[in-house]
file input32.txt (compact mmCIF, C-alpha atoms and all ligand atoms)
# COMPACT_ATOMS: atom_id res chain seq x y z
CA MET A 1 -161.75 108.62 51.44
CA HIS A 2 -160.29 110.08 48.23
CA SER A 3 -156.78 109.74 46.81
CA ASN A 4 -154.01 110.93 49.10
CA TYR A 5 -153.19 113.95 46.93
CA SER A 6 -155.82 116.67 46.54
CA ARG A 7 -157.20 117.47 43.07
CA PRO A 8 -155.15 120.68 42.66
CA ARG A 9 -151.95 118.82 43.67
CA VAL A 10 -152.65 116.04 41.15
CA LEU A 11 -153.41 118.52 38.37
CA LEU A 12 -150.38 120.67 39.16
CA HIS A 13 -148.10 117.60 39.38
CA TRP A 14 -148.94 116.36 35.88
CA LEU A 15 -148.96 119.85 34.34
CA SER A 16 -145.56 120.59 35.91
CA ALA A 17 -144.19 117.18 34.85
CA VAL A 18 -145.09 117.82 31.18
CA ILE A 19 -143.67 121.37 31.23
CA ILE A 20 -140.45 120.41 33.05
CA LEU A 21 -139.74 117.25 31.03
CA TRP A 22 -140.35 119.12 27.73
CA THR A 23 -138.19 122.10 28.75
CA LEU A 24 -135.30 119.93 30.01
CA VAL A 25 -135.27 117.66 26.95
CA SER A 26 -135.76 120.39 24.31
CA GLY A 27 -133.45 122.88 26.11
CA PHE A 28 -130.54 120.45 26.36
CA TYR A 29 -131.20 119.11 22.85
CA VAL A 30 -131.00 122.56 21.30
CA ALA A 31 -127.97 123.54 23.41
CA TYR A 32 -125.84 120.51 22.52
CA ASN A 33 -126.98 119.43 19.04
CA PRO A 34 -126.66 121.09 15.64
CA VAL A 35 -130.10 122.62 14.90
CA SER A 36 -131.12 125.38 12.48
CA ALA A 37 -131.16 128.97 13.75
CA ALA A 38 -134.96 129.05 13.19
CA THR A 39 -135.54 125.93 15.36
CA GLU A 40 -133.22 127.28 18.05
CA HIS A 41 -135.13 130.56 18.02
CA TRP A 42 -138.63 129.12 18.23
CA ILE A 43 -137.76 126.58 20.93
CA GLY A 44 -135.93 129.30 22.90
CA SER A 45 -138.80 131.78 22.78
CA PHE A 46 -141.50 129.12 23.26
CA ASN A 47 -139.69 127.76 26.34
CA VAL A 48 -139.18 131.23 27.85
CA SER A 49 -142.94 131.97 27.39
CA LEU A 50 -144.01 128.58 28.75
CA THR A 51 -141.74 128.61 31.81
CA THR A 52 -142.64 132.23 32.66
CA LEU A 53 -146.32 131.20 32.69
CA PHE A 54 -145.28 128.24 34.85
CA ILE A 55 -143.85 130.51 37.62
CA PRO A 56 -147.24 131.34 39.31
CA LEU A 57 -148.31 127.69 39.01
CA PHE A 58 -145.08 126.65 40.71
CA VAL A 59 -145.63 129.17 43.55
CA TRP A 60 -149.17 127.79 44.04
CA ARG A 61 -147.87 124.20 44.03
CA ALA A 62 -145.08 125.01 46.50
CA CYS A 63 -147.68 126.61 48.84
CA LEU A 64 -149.77 123.41 48.71
CA PHE A 65 -146.64 121.33 49.42
CA VAL A 66 -145.72 123.47 52.46
CA ARG A 67 -149.34 123.46 53.72
CA ALA A 68 -149.35 119.63 53.64
CA LEU A 69 -146.34 119.57 56.01
CA GLU A 70 -148.46 119.98 59.15
CA PRO A 71 -147.58 117.21 61.66
CA HIS A 72 -149.79 114.13 61.41
CA GLY A 73 -149.19 112.69 64.90
CA THR A 74 -147.20 109.51 64.11
CA ALA A 75 -143.47 109.67 63.24
CA PRO A 76 -142.87 109.06 59.49
CA SER A 77 -140.95 105.93 58.37
CA PRO A 78 -137.35 106.38 57.05
CA ILE A 79 -138.52 105.75 53.47
CA LYS A 80 -141.17 108.49 53.81
CA THR A 81 -138.56 110.85 55.26
CA LEU A 82 -136.25 110.10 52.29
CA ALA A 83 -139.09 110.63 49.79
CA PHE A 84 -139.95 113.92 51.49
CA ALA A 85 -136.28 115.05 51.36
CA VAL A 86 -136.05 114.29 47.62
CA HIS A 87 -139.38 116.06 46.93
CA ALA A 88 -138.25 119.11 48.93
CA MET A 89 -134.96 119.13 46.94
CA VAL A 90 -136.95 119.01 43.70
CA TYR A 91 -138.93 122.11 44.77
CA LEU A 92 -135.74 123.93 45.80
CA VAL A 93 -133.92 123.15 42.55
CA ILE A 94 -136.95 124.15 40.42
CA ALA A 95 -137.01 127.49 42.29
CA VAL A 96 -133.30 128.03 41.50
CA VAL A 97 -133.88 127.12 37.82
CA LEU A 98 -136.78 129.59 37.55
CA VAL A 99 -135.02 132.50 39.29
CA THR A 100 -131.75 132.08 37.36
CA GLY A 101 -133.69 131.63 34.07
CA VAL A 102 -135.28 135.05 34.58
CA LEU A 103 -131.99 136.64 35.70
CA MET A 104 -130.01 135.33 32.70
CA MET A 105 -132.30 137.00 30.13
CA LYS A 106 -130.44 139.19 27.61
CA SER A 107 -133.65 140.79 26.30
CA ALA A 108 -137.16 141.57 27.57
CA ILE A 109 -139.16 138.47 28.62
CA SER A 110 -141.95 137.97 26.10
CA VAL A 111 -144.85 135.69 27.01
CA PHE A 112 -146.06 134.52 23.57
CA GLY A 113 -145.72 138.13 22.36
CA LEU A 114 -148.72 139.15 24.51
CA VAL A 115 -147.08 140.39 27.71
CA HIS A 116 -143.55 141.73 28.15
CA PHE A 117 -141.43 142.01 31.28
CA PRO A 118 -138.23 144.05 31.28
CA GLN A 119 -134.85 142.32 31.31
CA PRO A 120 -133.93 142.29 35.04
CA LEU A 121 -130.10 142.48 34.85
CA SER A 122 -127.82 144.53 32.61
CA ASP A 123 -124.35 143.58 33.94
CA PRO A 124 -122.98 140.93 31.49
CA ALA A 125 -120.89 139.26 34.25
CA LEU A 126 -124.00 138.75 36.45
CA ILE A 127 -126.01 137.48 33.48
CA GLU A 128 -123.21 135.01 32.70
CA ARG A 129 -123.17 133.83 36.33
CA ALA A 130 -126.97 133.32 36.31
CA SER A 131 -126.62 131.37 33.05
CA THR A 132 -123.95 129.05 34.53
CA ILE A 133 -126.10 128.39 37.62
CA HIS A 134 -129.17 127.84 35.37
CA THR A 135 -127.38 125.12 33.38
CA SER A 136 -125.95 123.42 36.51
CA ALA A 137 -129.34 123.51 38.27
CA CYS A 138 -130.94 121.97 35.15
CA VAL A 139 -128.39 119.11 35.32
CA VAL A 140 -129.18 118.55 39.03
CA LEU A 141 -132.92 118.67 38.27
CA SER A 142 -132.48 116.05 35.51
CA VAL A 143 -130.71 113.73 37.99
CA LEU A 144 -133.46 114.26 40.60
CA VAL A 145 -136.19 113.59 38.01
CA ALA A 146 -134.38 110.36 36.95
CA LEU A 147 -134.16 109.30 40.64
CA HIS A 148 -137.85 110.17 41.09
CA LEU A 149 -138.88 108.06 38.08
CA CYS A 150 -136.73 105.12 39.33
CA ALA A 151 -138.35 105.40 42.80
CA VAL A 152 -141.86 105.43 41.27
CA ALA A 153 -141.01 102.39 39.08
CA TRP A 154 -139.51 100.57 42.11
CA HIS A 155 -142.65 101.19 44.23
CA GLU A 156 -144.93 100.04 41.41
CA CYS A 157 -142.83 96.88 40.82
CA SER A 158 -142.99 96.15 44.57
CA GLY A 159 -146.79 96.27 44.46
CA ARG A 160 -147.24 99.74 45.99
CA ARG A 161 -149.64 101.57 43.70
CA VAL A 162 -148.10 105.04 44.08
CA VAL A 163 -149.16 106.28 40.63
CA ARG A 164 -152.77 105.68 41.71
CA ARG A 165 -152.19 108.07 44.63
CA MET A 166 -151.31 110.76 42.09
CA THR A 167 -154.62 110.41 40.21
CA PHE A 168 -158.26 111.26 40.92
CA ALA A 169 -159.00 107.55 41.55
CA LYS A 170 -160.12 106.52 45.01
CA PRO A 171 -157.46 104.50 46.85
CA SER A 172 -157.86 100.71 46.87
CA GLY A 173 -158.78 98.90 50.10
CA ALA A 174 -155.14 97.82 50.58
CA MET A 175 -154.02 101.44 50.35
CA ILE A 176 -156.62 102.57 52.87
CA ARG A 177 -155.49 99.82 55.28
CA ARG A 178 -151.83 100.83 54.78
CA ALA A 179 -152.66 104.51 55.29
CA GLN A 180 -154.50 103.66 58.52
CA LYS A 181 -151.44 101.82 59.95
C1 LIG A 201 -139.00 124.73 34.52
C2 LIG A 201 -138.14 125.66 34.38
C3 LIG A 201 -136.99 125.63 33.39
C4 LIG A 201 -136.28 124.58 32.88
C5 LIG A 201 -136.46 123.08 33.17
C6 LIG A 201 -135.29 125.13 31.98
C7 LIG A 201 -134.36 124.38 31.26
C8 LIG A 201 -133.40 124.90 30.43
C9 LIG A 201 -132.39 124.13 29.75
C10 LIG A 201 -132.24 122.62 29.84
C11 LIG A 201 -131.62 124.99 29.03
C12 LIG A 201 -130.40 124.65 28.18
C13 LIG A 201 -129.19 124.70 29.08
C14 LIG A 201 -127.90 125.02 28.39
O1 LIG A 201 -127.87 125.98 27.61
O2 LIG A 201 -126.90 124.34 28.67
C15 LIG A 201 -132.15 126.32 29.25
C16 LIG A 201 -131.66 127.47 28.68
C17 LIG A 201 -132.24 128.72 28.83
N1 LIG A 201 -133.28 129.04 29.68
FE1 LIG A 201 -134.26 127.80 30.87
N2 LIG A 201 -135.42 126.49 31.96
C18 LIG A 201 -136.45 126.85 32.81
C19 LIG A 201 -136.91 128.11 33.09
C20 LIG A 201 -136.49 129.26 32.44
C21 LIG A 201 -137.06 130.59 32.63
C22 LIG A 201 -138.21 130.93 33.58
C23 LIG A 201 -136.39 131.42 31.80
C24 LIG A 201 -136.59 132.90 31.57
C25 LIG A 201 -137.74 133.52 31.67
C26 LIG A 201 -135.40 130.63 31.08
C27 LIG A 201 -134.50 131.12 30.16
C28 LIG A 201 -133.55 130.39 29.52
C29 LIG A 201 -132.64 130.95 28.52
C30 LIG A 201 -132.60 132.42 28.06
C31 LIG A 201 -131.83 129.90 28.09
C32 LIG A 201 -130.72 129.97 27.05
C33 LIG A 201 -131.35 129.65 25.72
C34 LIG A 201 -130.47 130.09 24.61
O3 LIG A 201 -129.24 130.02 24.77
O4 LIG A 201 -131.03 130.48 23.60
N3 LIG A 201 -135.48 129.33 31.51
N4 LIG A 201 -133.23 126.24 30.11
C1 LIG A 202 -143.89 110.71 33.81
C2 LIG A 202 -143.26 111.23 34.81
C3 LIG A 202 -143.66 111.17 36.26
C4 LIG A 202 -144.33 110.19 36.96
C5 LIG A 202 -144.85 108.86 36.46
C6 LIG A 202 -144.46 110.68 38.33
C7 LIG A 202 -145.09 110.01 39.36
C8 LIG A 202 -145.27 110.48 40.63
C9 LIG A 202 -146.00 109.83 41.67
C10 LIG A 202 -146.69 108.46 41.52
C11 LIG A 202 -145.97 110.58 42.78
C12 LIG A 202 -146.63 110.27 44.14
C13 LIG A 202 -145.61 109.64 45.06
C14 LIG A 202 -146.24 109.34 46.40
O1 LIG A 202 -147.02 108.41 46.46
O2 LIG A 202 -145.97 110.09 47.33
C15 LIG A 202 -145.19 111.76 42.47
C16 LIG A 202 -144.94 112.81 43.35
C17 LIG A 202 -144.14 113.88 43.05
N1 LIG A 202 -143.56 114.15 41.83
FE1 LIG A 202 -143.70 113.04 40.15
N2 LIG A 202 -143.85 111.90 38.44
C18 LIG A 202 -143.37 112.24 37.19
C19 LIG A 202 -142.68 113.37 36.85
C20 LIG A 202 -142.30 114.35 37.75
C21 LIG A 202 -141.50 115.50 37.42
C22 LIG A 202 -140.93 115.83 36.02
C23 LIG A 202 -141.35 116.22 38.57
C24 LIG A 202 -140.64 117.52 38.80
C25 LIG A 202 -139.49 117.81 38.37
C26 LIG A 202 -142.06 115.52 39.62
C27 LIG A 202 -142.12 115.94 40.94
C28 LIG A 202 -142.83 115.31 41.94
C29 LIG A 202 -142.94 115.81 43.30
C30 LIG A 202 -142.29 117.09 43.86
C31 LIG A 202 -143.77 114.92 43.99
C32 LIG A 202 -144.23 115.01 45.47
C33 LIG A 202 -145.68 115.32 45.57
C34 LIG A 202 -145.99 116.77 45.25
O3 LIG A 202 -145.49 117.66 45.94
O4 LIG A 202 -146.74 117.01 44.28
N3 LIG A 202 -142.62 114.39 39.09
N4 LIG A 202 -144.78 111.67 41.16
call {"tool": "encode", "arguments": {"input": "input32.txt", "output": "structure tokens", "more": "lines below"}}
Ligand code: HEM
Ligand code: HEM
result
Amino acid sequence: MHSNYSRPRVLLHWLSAVIILWTLVSGFYVAYNPVSAATEHWIGSFNVSLTTLFIPLFVWRACLFVRALEPHGTAPSPIKTLAFAVHAMVYLVIAVVLVTGVLMMKSAISVFGLVHFPQPLSDPALIERASTIHTSACVVLSVLVALHLCAVAWHECSGRRVVRRMTFAKPSGAMIRRAQK
């Protein structure tokens, strides 16, 4: 038996984690700290390119998440239900962040200068609304990520090797026994 998460889910999890953590930290840093116009510009355009490329990866990951929802026979424990609810919220909030990010664009979306997509909205009031939702959704996502990291740390400190489940390593004997219960 291999780890509980399939290879694509493990790969997509860590790729998404790096992209999301970088974009949240750098985006908020640039927005609320004095930085040069050049830094603001390169971080802004780099992040728009990176997160636009991330959209198809996110769609793929969400499909794998939904596909894994098929009933497994036994009723899940309350802790598993809570973990599932938080994970589903994370997916929902990421979707809102991505959609509003695209909608708030005030110029064409350039992906590293190689591909360009037209600016979707032209009404300044709608763009402003998308921008407000984008910022709020990013705050909610930051809180959910912090909760997620606390939950992972708590499981690890309680002897449940959850990080191992999110790697290509085979589960330990204890994990196989627990999974069989
Ligand atoms: C993983 C997805 C994303 C995350 C975590 C994210 C995060 C952020 C954060 C933290 C900010 C700063 C918020 C503020 O100004 O208060 C921001 C701003 C912004 N985001 Fe996103 N974003 C994501 C996706 C996108 C996408 C897909 C686009 C467009 C294609 C986009 C376009 C923008 C723009 C235009 C700004 C304003 C930057 C500026 O004022 O120069 N974002 N984003
Ligand atoms: C260094 C940072 C991170 C660590 C150490 C970490 C660790 C983990 C671990 C161990 C699991 C498996 C939990 C289980 O056994 O079910 C997991 C699942 C998950 N993580 Fe993270 N994570 C990190 C960052 C993130 C970020 C930034 C996000 C997204 C915003 C995220 C979203 C998820 C989701 C949605 C799941 C559920 C499984 C899936 O659908 O792929 N994680 N994480």
call {"tool": "closest_residue", "arguments": {"input": "input32.txt", "among": "A:Ser110, A:Ser26, A:Thr52, A:Ser142", "to": "Thr39 in chain A", "atoms": "all atoms listed in the file"}}
result
A:Ser26
call {"tool": "residues_near_ligand", "arguments": {"input": "input32.txt", "ligand": "ligand LIG 202 (chain A)", "cutoff": "9 Å", "atoms": "all atoms listed in the file", "output": "VMD selection string"}}
result
chain A and resid 4 to 5 9 to 10 12 to 14 16 to 22 61 to 62 64 to 66 68 80 83 to 84 86 to 91 93 to 94 141 to 142 144 to 146 148 to 149 151 to 153 155 to 156 160 to 167
call {"tool": "write_last_selection", "arguments": {"input": "input32.txt", "atoms": "C-alpha atoms", "output": "short mmCIF file (atom, residue, chain, number, x, y, z; two decimals), in the coordinates of the input"}}
result
data_model
loop_
_atom_site.label_atom_id
_atom_site.label_comp_id
_atom_site.auth_asym_id
_atom_site.auth_seq_id
_atom_site.Cartn_x
_atom_site.Cartn_y
_atom_site.Cartn_z
CA ASN A 4 -154.01 110.93 49.10
CA TYR A 5 -153.19 113.95 46.93
CA ARG A 9 -151.95 118.82 43.67
CA VAL A 10 -152.65 116.04 41.15
CA LEU A 12 -150.38 120.67 39.16
CA HIS A 13 -148.10 117.60 39.38
CA TRP A 14 -148.94 116.36 35.88
CA SER A 16 -145.56 120.59 35.91
CA ALA A 17 -144.19 117.18 34.85
CA VAL A 18 -145.09 117.82 31.18
CA ILE A 19 -143.67 121.37 31.23
CA ILE A 20 -140.45 120.41 33.05
CA LEU A 21 -139.74 117.25 31.03
CA TRP A 22 -140.35 119.12 27.73
CA ARG A 61 -147.87 124.20 44.03
CA ALA A 62 -145.08 125.01 46.50
CA LEU A 64 -149.77 123.41 48.71
CA PHE A 65 -146.64 121.33 49.42
CA VAL A 66 -145.72 123.47 52.46
CA ALA A 68 -149.35 119.63 53.64
CA LYS A 80 -141.17 108.49 53.81
CA ALA A 83 -139.09 110.63 49.79
CA PHE A 84 -139.95 113.92 51.49
CA VAL A 86 -136.05 114.29 47.62
CA HIS A 87 -139.38 116.06 46.93
CA ALA A 88 -138.25 119.11 48.93
CA MET A 89 -134.96 119.13 46.94
CA VAL A 90 -136.95 119.01 43.70
CA TYR A 91 -138.93 122.11 44.77
CA VAL A 93 -133.92 123.15 42.55
CA ILE A 94 -136.95 124.15 40.42
CA LEU A 141 -132.92 118.67 38.27
CA SER A 142 -132.48 116.05 35.51
CA LEU A 144 -133.46 114.26 40.60
CA VAL A 145 -136.19 113.59 38.01
CA ALA A 146 -134.38 110.36 36.95
CA HIS A 148 -137.85 110.17 41.09
CA LEU A 149 -138.88 108.06 38.08
CA ALA A 151 -138.35 105.40 42.80
CA VAL A 152 -141.86 105.43 41.27
CA ALA A 153 -141.01 102.39 39.08
CA HIS A 155 -142.65 101.19 44.23
CA GLU A 156 -144.93 100.04 41.41
CA ARG A 160 -147.24 99.74 45.99
CA ARG A 161 -149.64 101.57 43.70
CA VAL A 162 -148.10 105.04 44.08
CA VAL A 163 -149.16 106.28 40.63
CA ARG A 164 -152.77 105.68 41.71
CA ARG A 165 -152.19 108.07 44.63
CA MET A 166 -151.31 110.76 42.09
CA THR A 167 -154.62 110.41 40.21
#
call {"tool": "closest_residue", "arguments": {"input": "input32.txt", "among": "A:Val143, A:Ile133, A:Leu50, A:Leu24", "to": "ligand LIG 201 (chain A)", "atoms": "only C-alpha atoms and all ligand atoms"}}
result
A:Leu24
call {"tool": "closest_residue", "arguments": {"input": "input32.txt", "among": "A:Val59, A:Ser6, A:Thr51, A:Arg129", "to": "ligand LIG 201 (chain A)", "atoms": "only C-alpha atoms and all ligand atoms"}}
result
A:Thr51
call {"tool": "residues_near_ligand", "arguments": {"input": "input32.txt", "ligand": "ligand LIG 201 (chain A)", "cutoff": "7 Å", "atoms": "only C-alpha atoms and all ligand atoms", "output": "ChimeraX atom specification"}}
result
/A:19-20,23-28,31,40-41,44,47-49,51-52,55,94,97-99,101-102,104-105,109,134-135,138
call {"tool": "atom_distance", "arguments": {"input": "input32.txt", "atom1": "CA of Pro78 in chain A", "atom2": "CA of Cys63 in chain A"}}
result
24.2 Å
call {"tool": "closest_residue", "arguments": {"input": "input32.txt", "among": "A:Pro76, A:Ala85, A:Ser45, A:Phe58", "to": "Pro8 in chain A", "atoms": "all atoms listed in the file"}}
result
A:Phe58
call {"tool": "atom_distance", "arguments": {"input": "input32.txt", "atom1": "CA of Val115 in chain A", "atom2": "CA of Ala130 in chain A"}}
result
23.0 Å
call {"tool": "atom_distance", "arguments": {"input": "input32.txt", "atom1": "CA of Ser136 in chain A", "atom2": "CA of Thr100 in chain A"}}
result
10.5 Å
call {"tool": "closest_residue", "arguments": {"input": "input32.txt", "among": "A:Trp42, A:Leu69, A:Ala108, A:Thr132", "to": "Thr81 in chain A", "atoms": "only C-alpha atoms"}}
result
A:Leu69
